[in-house]
>>> print(open('work_11.cif').read())   # mmCIF, C-alpha atoms
data_upload
loop_
_atom_site.label_atom_id
_atom_site.label_comp_id
_atom_site.auth_asym_id
_atom_site.auth_seq_id
_atom_site.Cartn_x
_atom_site.Cartn_y
_atom_site.Cartn_z
CA MET A 1 -27.08 -4.52 9.35
CA SER A 2 -25.20 -6.09 12.22
CA GLU A 3 -23.96 -4.21 15.24
CA PHE A 4 -20.28 -3.48 15.14
CA LYS A 5 -18.00 -3.02 18.09
CA TYR A 6 -14.54 -1.56 18.20
CA ILE A 7 -11.54 -2.36 20.31
CA SER A 8 -7.98 -1.11 20.09
CA PRO A 9 -5.57 -3.35 22.00
CA LYS A 10 -2.17 -1.93 22.98
CA THR A 11 -0.21 -5.18 22.99
CA LYS A 12 0.15 -8.20 20.74
CA GLU A 13 -0.81 -10.51 23.62
CA GLU A 14 -4.03 -8.60 24.20
CA ALA A 15 -4.89 -8.78 20.48
CA LEU A 16 -4.25 -12.54 20.37
CA GLU A 17 -6.51 -13.09 23.40
CA ILE A 18 -9.29 -11.22 21.61
CA LEU A 19 -8.85 -13.34 18.46
CA GLN A 20 -8.82 -16.51 20.56
CA GLU A 21 -12.14 -15.56 22.09
CA LYS A 22 -13.96 -14.04 19.10
CA LYS A 23 -12.49 -16.10 16.22
CA SER A 24 -14.27 -15.27 12.94
CA ASP A 25 -16.46 -12.60 14.56
CA ALA A 26 -13.35 -10.44 14.78
CA CYS A 27 -11.80 -8.50 11.92
CA ILE A 28 -8.31 -7.08 12.30
CA VAL A 29 -7.90 -3.50 11.10
CA ALA A 30 -4.34 -2.54 10.17
CA GLY A 31 -3.86 -0.05 7.32
CA CYS A 32 -7.62 0.31 6.97
CA SER A 33 -7.55 0.34 3.12
CA ASN A 34 -10.06 -2.46 2.63
CA VAL A 35 -12.14 -2.81 5.77
CA LEU A 36 -14.73 -0.08 5.15
CA PRO A 37 -15.23 -0.84 1.42
CA ASN A 38 -15.55 -4.54 2.32
CA ILE A 39 -18.17 -3.83 4.98
CA LYS A 40 -20.06 -1.60 2.55
CA ASN A 41 -20.04 -4.24 -0.19
CA LYS A 42 -21.03 -6.86 2.39
CA LYS A 43 -17.90 -8.86 1.60
CA ILE A 44 -17.24 -9.21 5.31
CA ASN A 45 -19.56 -9.14 8.27
CA PRO A 46 -17.53 -8.99 11.46
CA LYS A 47 -19.04 -8.16 14.84
CA LEU A 48 -15.86 -6.71 16.24
CA LEU A 49 -13.25 -4.47 14.60
CA VAL A 50 -9.89 -5.10 16.26
CA ASP A 51 -7.80 -2.05 15.48
CA ILE A 52 -4.14 -3.01 15.93
CA ILE A 53 -2.63 0.35 14.89
CA ASN A 54 -1.50 1.13 18.47
CA ILE A 55 0.54 -2.06 18.94
CA GLU A 56 4.14 -0.81 18.83
CA GLN A 57 5.52 -4.40 18.93
CA LEU A 58 4.19 -4.93 15.41
CA LYS A 59 5.93 -1.91 13.86
CA GLY A 60 9.39 -1.20 12.51
CA ILE A 61 12.20 -2.43 10.30
CA TYR A 62 15.09 -4.11 12.16
CA ARG A 63 18.30 -5.90 11.33
CA LYS A 64 18.67 -9.13 13.33
CA GLU A 65 22.09 -10.69 12.75
CA ASP A 66 22.06 -11.71 9.07
CA LYS A 67 18.32 -11.15 8.69
CA ILE A 68 15.88 -8.30 8.27
CA PHE A 69 12.69 -8.24 10.28
CA LEU A 70 9.63 -6.23 9.22
CA GLY A 71 6.81 -5.59 11.64
CA PRO A 72 3.53 -6.36 9.84
CA LEU A 73 2.30 -2.81 10.56
CA THR A 74 5.17 -1.29 8.56
CA THR A 75 3.49 1.02 6.06
CA ILE A 76 4.30 0.98 2.37
CA ASN A 77 5.68 4.53 2.65
CA GLU A 78 7.95 3.50 5.54
CA LEU A 79 9.36 0.77 3.30
CA LEU A 80 9.68 3.18 0.40
CA TYR A 81 11.75 5.65 2.42
CA SER A 82 13.78 3.10 4.38
CA GLU A 83 17.49 3.42 3.62
CA ILE A 84 18.33 -0.16 4.51
CA ILE A 85 15.55 -1.49 2.27
CA PHE A 86 16.73 0.76 -0.56
CA LYS A 87 20.35 -0.39 -0.27
CA GLU A 88 19.94 -4.08 0.52
CA TYR A 89 16.50 -5.09 -0.82
CA HIS A 90 15.91 -2.79 -3.73
CA VAL A 91 13.22 -5.05 -5.20
CA LEU A 92 10.97 -4.06 -2.29
CA THR A 93 11.56 -0.33 -2.78
CA GLN A 94 10.65 -0.69 -6.45
CA ALA A 95 7.36 -2.36 -5.59
CA ALA A 96 6.56 0.16 -2.85
CA GLU A 97 7.10 2.98 -5.33
CA GLN A 98 4.40 1.59 -7.61
CA PHE A 99 1.98 0.60 -4.86
CA ALA A 100 -1.49 2.28 -5.16
CA ASP A 101 -0.88 6.02 -4.60
CA PRO A 102 0.96 8.20 -2.06
CA LEU A 103 -2.11 8.69 0.16
CA VAL A 104 -2.94 4.99 0.38
CA ARG A 105 0.75 4.23 1.01
CA ASN A 106 0.61 6.40 4.14
CA ASN A 107 -1.72 3.90 5.80
CA ALA A 108 -1.53 0.59 3.93
CA THR A 109 0.64 -2.00 5.67
CA ILE A 110 2.80 -4.84 4.43
CA GLY A 111 0.97 -7.33 6.66
CA GLY A 112 -2.40 -6.16 5.40
CA ASN A 113 -1.32 -6.57 1.80
CA LEU A 114 -0.32 -10.19 2.48
CA VAL A 115 -3.41 -11.12 4.51
CA THR A 116 -5.74 -9.69 1.85
CA ALA A 117 -4.19 -12.34 -0.42
CA SER A 118 -5.10 -10.70 -3.68
CA PRO A 119 -3.64 -12.54 -6.69
CA ALA A 120 -2.36 -9.08 -7.67
CA ALA A 121 -0.82 -8.21 -4.27
CA ASP A 122 2.06 -5.91 -5.21
CA MET A 123 4.15 -6.45 -2.08
CA ALA A 124 3.81 -10.23 -2.10
CA VAL A 125 5.71 -10.55 -5.39
CA PRO A 126 9.02 -8.96 -4.26
CA LEU A 127 8.74 -10.70 -0.87
CA LEU A 128 8.44 -14.05 -2.69
CA ALA A 129 11.57 -13.18 -4.66
CA LEU A 130 13.34 -12.40 -1.37
CA GLY A 131 12.41 -15.84 -0.01
CA ALA A 132 10.47 -14.27 2.88
CA LEU A 133 9.36 -16.16 5.96
CA ILE A 134 6.08 -15.28 7.70
CA LYS A 135 5.96 -15.44 11.49
CA ILE A 136 2.54 -16.32 12.81
CA GLU A 137 1.23 -16.39 16.37
CA SER A 138 -1.88 -17.33 18.28
CA VAL A 139 -2.50 -18.01 21.95
CA ARG A 140 -2.11 -21.72 21.06
CA GLN A 141 1.16 -21.64 19.17
CA LYS A 142 3.91 -19.81 17.30
CA ARG A 143 4.84 -20.97 13.83
CA GLU A 144 6.72 -19.93 10.70
CA VAL A 145 5.53 -20.41 7.15
CA LYS A 146 7.41 -19.73 3.93
CA LEU A 147 5.62 -17.02 1.99
CA LYS A 148 5.42 -19.33 -1.03
CA GLU A 149 3.29 -21.67 1.12
CA PHE A 150 1.26 -18.90 2.77
CA PHE A 151 -1.34 -18.27 0.05
CA LEU A 152 -4.06 -20.83 -0.69
CA GLY A 153 -6.15 -18.93 -3.24
CA PRO A 154 -7.79 -15.56 -3.85
CA GLY A 155 -8.41 -14.05 -0.39
CA LYS A 156 -7.30 -17.30 1.28
CA THR A 157 -4.21 -17.93 3.38
CA VAL A 158 -3.01 -20.54 5.89
CA LEU A 159 -3.96 -18.20 8.76
CA GLN A 160 -6.51 -19.65 11.19
CA ASP A 161 -9.21 -17.45 12.75
CA ASP A 162 -7.22 -17.02 15.95
CA GLU A 163 -3.86 -16.34 14.26
CA MET A 164 -2.10 -13.16 13.27
CA ILE A 165 1.05 -12.29 11.34
CA VAL A 166 3.58 -10.93 13.84
CA GLY A 167 6.58 -10.54 11.55
CA ILE A 168 8.10 -10.92 8.11
CA GLU A 169 11.70 -11.98 7.79
CA PHE A 170 14.22 -12.46 5.00
CA GLU A 171 17.95 -12.97 4.72
CA GLN A 172 20.66 -10.48 4.09
CA SER A 173 22.49 -12.05 1.16
CA ASP A 174 23.99 -11.38 -2.26
CA ILE A 175 20.93 -12.69 -4.07
CA ASN A 176 18.57 -10.50 -2.02
CA LYS A 177 20.63 -7.41 -2.83
CA ASN A 178 20.30 -7.91 -6.58
CA GLY A 179 16.60 -7.75 -7.42
CA CYS A 180 14.22 -6.11 -9.86
CA PHE A 181 10.42 -5.68 -9.78
CA ILE A 182 8.40 -4.66 -12.82
CA LYS A 183 4.65 -4.17 -12.91
CA ILE A 184 2.40 -3.44 -15.82
CA GLY A 185 -0.96 -1.79 -15.16
CA GLN A 186 -3.49 0.28 -17.04
CA ARG A 187 -2.10 3.53 -15.62
CA LYS A 188 0.72 4.69 -13.38
CA ALA A 189 -1.22 5.17 -10.14
CA MET A 190 -4.01 3.25 -8.38
CA ALA A 191 -3.56 0.47 -10.91
CA ILE A 192 -4.27 -3.15 -10.11
CA SER A 193 -1.52 -4.95 -11.97
CA ILE A 194 -2.19 -6.81 -15.22
CA ALA A 195 0.97 -8.72 -14.48
CA SER A 196 4.01 -8.19 -12.27
CA VAL A 197 7.32 -9.98 -12.06
CA ALA A 198 10.14 -9.87 -9.50
CA VAL A 199 13.53 -11.48 -10.08
CA ASN A 200 16.35 -11.88 -7.57
CA LEU A 201 19.59 -13.18 -8.97
CA GLU A 202 23.10 -14.15 -7.96
CA VAL A 203 25.61 -14.60 -10.79
CA ARG A 204 29.09 -16.15 -10.51
CA GLN A 205 31.44 -16.09 -13.49
CA ASN A 206 28.58 -15.51 -15.90
CA LYS A 207 26.69 -18.50 -14.49
CA ILE A 208 23.42 -18.30 -12.60
CA ASN A 209 24.32 -19.37 -9.09
CA GLN A 210 20.88 -18.81 -7.63
CA ILE A 211 17.66 -17.27 -8.96
CA ARG A 212 14.21 -16.61 -7.56
CA ILE A 213 11.38 -15.56 -9.86
CA ALA A 214 7.96 -14.46 -8.58
CA ALA A 215 4.88 -13.25 -10.44
CA GLY A 216 1.59 -11.56 -9.60
CA SER A 217 -1.81 -11.44 -11.34
CA VAL A 218 -0.97 -14.53 -13.35
CA ALA A 219 -2.43 -17.26 -11.12
CA LEU A 220 -4.89 -17.75 -8.26
CA MET A 221 -2.31 -16.20 -5.97
CA PRO A 222 1.11 -14.57 -6.16
CA ILE A 223 3.49 -17.41 -7.11
CA ARG A 224 7.11 -18.50 -7.40
CA LEU A 225 8.05 -19.96 -10.79
CA ALA A 226 9.86 -23.02 -9.49
CA VAL A 227 10.15 -24.92 -12.80
CA ILE A 228 11.93 -22.10 -14.59
CA GLU A 229 14.08 -21.36 -11.53
CA GLU A 230 15.33 -24.95 -11.57
CA PHE A 231 15.88 -24.85 -15.32
CA LEU A 232 18.04 -21.72 -15.04
CA GLU A 233 20.19 -22.71 -12.08
CA SER A 234 23.91 -23.23 -12.93
CA LYS A 235 23.35 -22.27 -16.57
CA GLU A 236 25.65 -19.92 -18.42
CA ILE A 237 23.97 -16.62 -19.32
CA ASN A 238 23.59 -15.97 -23.05
CA ASN A 239 20.89 -14.74 -25.41
CA GLN A 240 19.68 -18.21 -26.32
CA LEU A 241 19.14 -19.05 -22.65
CA ILE A 242 17.13 -15.86 -22.15
CA GLU A 243 14.92 -16.61 -25.18
CA GLU A 244 14.26 -20.14 -23.89
CA ALA A 245 13.50 -18.75 -20.43
CA ILE A 246 10.97 -16.26 -21.82
CA SER A 247 8.87 -18.97 -23.38
CA LYS A 248 9.16 -21.16 -20.27
CA VAL A 249 7.90 -18.29 -18.10
CA SER A 250 4.90 -17.87 -20.42
CA GLU A 251 4.20 -21.60 -20.07
CA GLU A 252 4.58 -21.78 -16.31
CA VAL A 253 2.24 -18.92 -15.38
CA ASN A 254 -1.43 -19.83 -15.07
CA PRO A 255 -3.48 -16.69 -15.70
CA ILE A 256 -7.16 -16.06 -16.41
CA SER A 257 -8.85 -13.56 -18.73
CA ASP A 258 -10.60 -10.77 -16.85
CA ILE A 259 -11.59 -7.12 -17.12
CA ARG A 260 -7.93 -6.01 -17.21
CA ALA A 261 -6.38 -8.39 -19.74
CA SER A 262 -6.73 -11.70 -21.55
CA GLU A 263 -5.02 -14.93 -20.57
CA GLU A 264 -2.94 -14.85 -23.79
CA TYR A 265 -1.73 -11.32 -23.15
CA ARG A 266 -0.81 -12.14 -19.56
CA ARG A 267 1.23 -15.17 -20.68
CA TYR A 268 3.00 -13.10 -23.32
CA ILE A 269 3.71 -10.10 -21.07
CA SER A 270 4.96 -12.27 -18.18
CA GLY A 271 7.77 -13.50 -20.42
CA ILE A 272 8.57 -9.96 -21.51
CA LEU A 273 8.59 -8.64 -17.95
CA PHE A 274 10.93 -11.47 -16.95
CA LYS A 275 13.27 -10.57 -19.80
CA ARG A 276 13.32 -6.88 -18.85
CA ALA A 277 14.00 -7.66 -15.19
CA PHE A 278 16.67 -10.24 -16.01
CA LYS A 279 18.46 -7.92 -18.43
CA LYS A 280 18.43 -5.12 -15.90
CA LEU A 281 20.12 -7.39 -13.40
CA THR A 282 22.76 -8.73 -15.78
CA ASP A 283 23.65 -5.77 -18.02
CA MET B 1 -26.09 0.42 18.42
CA GLU B 2 -22.87 0.99 20.34
CA GLU B 3 -21.56 4.55 20.31
CA TYR B 4 -18.06 5.79 21.03
CA ARG B 5 -17.03 9.22 22.18
CA ILE B 6 -14.10 10.80 20.38
CA GLU B 7 -12.16 13.95 20.95
CA LEU B 8 -10.00 15.55 18.30
CA THR B 9 -8.92 18.86 16.87
CA VAL B 10 -10.11 19.92 13.44
CA ASN B 11 -8.28 22.92 12.01
CA ASP B 12 -6.86 23.61 15.44
CA GLU B 13 -10.24 23.66 17.16
CA LYS B 14 -11.34 21.05 19.65
CA ILE B 15 -14.24 18.80 18.61
CA ILE B 16 -16.00 16.27 20.80
CA GLY B 17 -18.45 13.90 19.16
CA THR B 18 -19.83 10.39 19.07
CA THR B 19 -19.24 7.83 16.34
CA LYS B 20 -19.88 4.21 15.53
CA ALA B 21 -17.27 1.50 15.03
CA GLU B 22 -17.74 1.36 11.27
CA GLU B 23 -18.24 5.08 10.60
CA SER B 24 -15.66 6.63 8.28
CA LEU B 25 -13.80 9.79 9.21
CA LEU B 26 -15.39 11.35 6.09
CA LYS B 27 -18.93 10.74 7.34
CA PHE B 28 -18.06 11.86 10.86
CA LEU B 29 -16.58 15.14 9.63
CA ARG B 30 -19.47 15.90 7.28
CA ARG B 31 -22.01 15.09 10.02
CA ASN B 32 -20.24 17.60 12.25
CA GLY B 33 -20.41 20.42 9.72
CA PHE B 34 -17.14 19.97 7.86
CA THR B 35 -18.82 19.61 4.48
CA GLU B 36 -15.73 20.99 2.72
CA VAL B 37 -14.50 17.38 2.88
CA LYS B 38 -16.01 15.94 -0.29
CA CYS B 39 -17.51 12.49 -0.73
CA GLY B 40 -16.57 10.97 -4.09
CA CYS B 41 -16.11 7.25 -4.66
CA GLU B 42 -16.18 6.12 -1.02
CA LYS B 43 -13.72 3.35 -1.75
CA GLY B 44 -10.38 5.09 -1.53
CA GLU B 45 -9.81 5.66 -5.21
CA CYS B 46 -10.59 9.29 -6.07
CA GLY B 47 -9.00 11.36 -3.28
CA ALA B 48 -11.86 13.91 -3.05
CA CYS B 49 -12.13 13.16 0.70
CA THR B 50 -8.43 13.73 1.46
CA VAL B 51 -7.68 15.24 4.87
CA ILE B 52 -4.46 15.57 6.86
CA LEU B 53 -4.62 13.26 9.88
CA ASP B 54 -1.73 13.17 12.33
CA LYS B 55 0.53 14.99 9.82
CA LYS B 56 -0.18 12.62 6.93
CA ALA B 57 -2.52 13.11 3.97
CA ILE B 58 -5.01 10.24 3.94
CA LYS B 59 -8.30 9.27 2.33
CA SER B 60 -10.93 9.87 5.00
CA CYS B 61 -13.57 7.66 3.32
CA ILE B 62 -11.63 4.49 4.12
CA THR B 63 -10.34 5.62 7.51
CA LEU B 64 -12.25 4.78 10.68
CA ALA B 65 -13.44 7.92 12.50
CA LEU B 66 -12.19 6.25 15.69
CA ARG B 67 -8.65 6.50 14.31
CA ALA B 68 -8.87 10.29 14.73
CA ASP B 69 -9.45 10.06 18.49
CA HIS B 70 -6.97 12.40 20.22
CA LYS B 71 -5.44 13.30 16.86
CA GLU B 72 -5.10 16.44 14.78
CA VAL B 73 -7.13 16.78 11.57
CA TRP B 74 -6.82 19.50 8.94
CA THR B 75 -9.37 20.18 6.20
CA VAL B 76 -9.14 22.67 3.35
CA LYS B 77 -10.95 25.30 5.43
CA GLY B 78 -8.09 25.32 7.91
CA MET B 79 -5.52 26.00 5.22
CA GLU B 80 -5.99 29.76 5.50
CA LYS B 81 -4.51 29.52 9.00
CA LEU B 82 -1.24 28.11 7.63
CA GLU B 83 1.24 29.94 5.42
CA LEU B 84 1.80 27.14 2.92
CA GLY B 85 -1.91 26.33 2.83
CA ARG B 86 -2.75 29.95 2.10
CA LYS B 87 -0.13 30.17 -0.65
CA LEU B 88 -1.52 27.06 -2.32
CA GLN B 89 -5.11 28.32 -2.13
CA GLU B 90 -4.10 31.63 -3.72
CA SER B 91 -2.06 29.94 -6.41
CA PHE B 92 -4.98 27.63 -7.35
CA VAL B 93 -7.19 30.70 -7.77
CA ASN B 94 -4.57 32.64 -9.74
CA HIS B 95 -4.03 29.75 -12.14
CA GLY B 96 -7.71 28.89 -12.51
CA ALA B 97 -6.74 25.40 -11.37
CA ILE B 98 -10.40 24.81 -10.58
CA GLN B 99 -13.33 23.99 -12.78
CA CYS B 100 -16.10 22.19 -10.95
CA GLY B 101 -14.02 22.42 -7.76
CA PHE B 102 -14.89 19.01 -6.39
CA CYS B 103 -11.32 17.71 -6.33
CA THR B 104 -9.82 21.00 -5.13
CA PRO B 105 -9.97 20.44 -1.34
CA GLY B 106 -8.22 17.10 -1.71
CA MET B 107 -5.67 18.45 -4.17
CA ILE B 108 -4.71 21.32 -1.88
CA LEU B 109 -4.34 19.09 1.17
CA THR B 110 -2.26 16.54 -0.72
CA ALA B 111 -0.04 19.32 -2.07
CA LYS B 112 0.30 20.91 1.39
CA ASP B 113 1.27 17.61 3.02
CA TYR B 114 3.74 16.81 0.24
CA MET B 115 5.38 20.24 0.23
CA ASP B 116 5.82 20.17 4.01
CA LYS B 117 8.18 17.27 3.31
CA ASN B 118 9.58 18.46 -0.02
CA PRO B 119 9.26 22.27 -0.38
CA LEU B 120 11.01 22.41 -3.78
CA PRO B 121 9.46 19.72 -5.98
CA ASP B 122 9.85 19.66 -9.77
CA ARG B 123 6.88 19.11 -12.09
CA GLU B 124 7.40 15.33 -12.29
CA GLU B 125 7.51 15.01 -8.51
CA ILE B 126 4.31 17.05 -8.26
CA LYS B 127 2.56 14.77 -10.75
CA LYS B 128 3.55 11.73 -8.69
CA ALA B 129 2.52 13.40 -5.45
CA ILE B 130 -1.03 14.11 -6.67
CA SER B 131 -1.43 10.75 -8.42
CA GLY B 132 -3.97 9.64 -5.80
CA ASN B 133 -6.29 12.59 -6.47
CA LEU B 134 -8.49 12.46 -9.54
CA CYS B 135 -9.64 15.53 -11.47
CA ARG B 136 -12.07 15.01 -14.33
CA CYS B 137 -12.14 18.63 -15.59
CA THR B 138 -8.78 20.32 -15.81
CA GLY B 139 -6.49 17.71 -17.31
CA TYR B 140 -4.19 18.45 -14.34
CA LYS B 141 -2.00 20.99 -16.15
CA LYS B 142 -3.26 24.03 -14.26
CA ILE B 143 -3.17 22.14 -10.98
CA VAL B 144 0.47 21.20 -11.54
CA ASP B 145 1.19 24.80 -12.63
CA ALA B 146 -0.41 26.15 -9.44
CA ILE B 147 1.60 23.87 -7.16
CA TYR B 148 4.82 24.42 -9.12
CA ASP B 149 4.42 28.18 -8.78
CA VAL B 150 4.41 27.82 -4.99
CA ALA B 151 7.58 25.72 -5.28
CA LEU B 152 9.21 28.49 -7.35
CA GLU B 153 8.12 31.03 -4.76
CA ASN B 154 9.65 28.87 -2.02
CA GLN B 155 12.89 28.74 -3.99
CA ARG B 156 13.02 32.52 -4.31
CA SER B 157 12.46 33.15 -0.62
#
>>> encode(input="work_11.cif", output="structure tokens")
Amino acid sequence: MSEFKYISPKTKEEALEILQEKKSDACIVAGCSNVLPNIKNKKINPKLLVDIINIEQLKGIYRKEDKIFLGPLTTINELLYSEIIFKEYHVLTQAAEQFADPLVRNNATIGGNLVTASPAADMAVPLLALGALIKIESVRQKREVKLKEFFLGPGKTVLQDDEMIVGIEFEQSDINKNGCFIKIGQRKAMAISIASVAVNLEVRQNKINQIRIAAGSVALMPIRLAVIEEFLESKEINNQLIEEAISKVSEEVNPISDIRASEEYRRYISGILFKRAFKKLTD
Amino acid sequence: MEEYRIELTVNDEKIIGTTKAEESLLKFLRRNGFTEVKCGCEKGECGACTVILDKKAIKSCITLALRADHKEVWTVKGMEKLELGRKLQESFVNHGAIQCGFCTPGMILTAKDYMDKNPLPDREEIKKAISGNLCRCTGYKKIVDAIYDVALENQRS
């Protein structure tokens, strides 16, 4: 067993300096949902736990002109009970409501959920449908990455050892207001999703003006379904279109069979979840 | 091995102790005599280790002990000092909402924390509120009954 050390920086700058110096020996602790189980299962072996809970700069939900900014330390319960999120970005409230359980939601953070990069990450799916942008910083540089380009595979993201998420941003717009997230799991609480789908949609005169479709647990990482999005754009909404879209969703997802469900079932249910979400948004 | 000194209150009494970076709050509390905090799955799934930290119900098995430094912790033993805690304890006994008793400390703390924020929950809200606490004996009915009875009592008063 290695020797662990603990440090709790008070500012973002201090935290970035520590990451710059310690690189992969450091492990950031945010909501603390995964760190201890991961240490116990020897999935990670850091020398230094960098507890960022006291960094106020990384907390909060703000409106910035026509955008919304989420601090990465925003907890899932803060999102769930945020009035502005409920009114303007309902898709995120719906996902927060189904996230783990009320106790875990008290601590778990939106940034932590993204960095963990689980293919089943419940908050990543609505954020993909909102077209979220991830703000990343290190001592070396500041950069922005679209969430759809953030994940590289299970547990893998574009973040370098010395980098940290410092914000999540998405636009205030008609399409972001009109969203729906549906998750199917083996039970109602503490369920890792079998499949999840989020749809954000803007309709003009019964035509799809803009659509974003995201899915979880159906690929190596949470994904946007770009092929079907392109197919649907500018089309007139009718039952035939929806039926075609269902089968295209089932084709575009790329799931595996595992302990929770088979590949076939995941393909089938992805189409169904898309239909349910789409109908909810258009009825 | 590096040790860290922490200072906190548990059930309104000051505790000073030492901990390690990777020690959970659950292990720290049990090591210091608070064995009413139960160790179940140790991966944040069962809720047996629930405590109230800084006015929020959390799973102590996945929380760093160092996070409790200068904070306020409540365990089930402290509930008798608080009106709502006492009411919940009595209601659990009256309803026989206990079989093996292993989940009971966590259930009562989760219910206490939830009812501080929503004193008049309906049965559905109660079921959602305790969805992070597993019970393998009772089938939950008596637990929900016990909590709901306190809600009814709150409504009357």
>>> closest_residue(input="work_11.cif", among="B:Arg156, B:Arg5, B:Arg31, B:Lys56", to="chain A", atoms="all atoms listed in the file")
B:Lys56
>>> closest_residue(input="work_11.cif", among="B:Glu42, B:Asp12, B:Glu90, B:Asp122", to="chain A", atoms="only C-alpha atoms")
B:Glu42
>>> closest_residue(input="work_11.cif", among="A:Tyr265, A:Phe99, A:Phe69, A:Phe231", to="Ser193 of chain A", atoms="all atoms listed in the file")
A:Phe99
>>> atom_distance(input="work_11.cif", atom1="atom CA of Glu36 of chain B", atom2="atom CA of Val76 of chain B")
6.8 Å
>>> residues_around(input="work_11.cif", residues="Glu72 of chain B", least_positions_apart="4", cutoff="7 Å", atoms="all atoms listed in the file", output="number ranges by chain")
B: 8-10, 53-54
>>> interface_residues(input="work_11.cif", of="chain B", to="chain A", cutoff="10 Å", atoms="all atoms listed in the file", output="PyMOL selection string")
chain B and resi 1-4+20-24+42-47+50-52+56-59+61-64+66-67+110+113-114+128-133
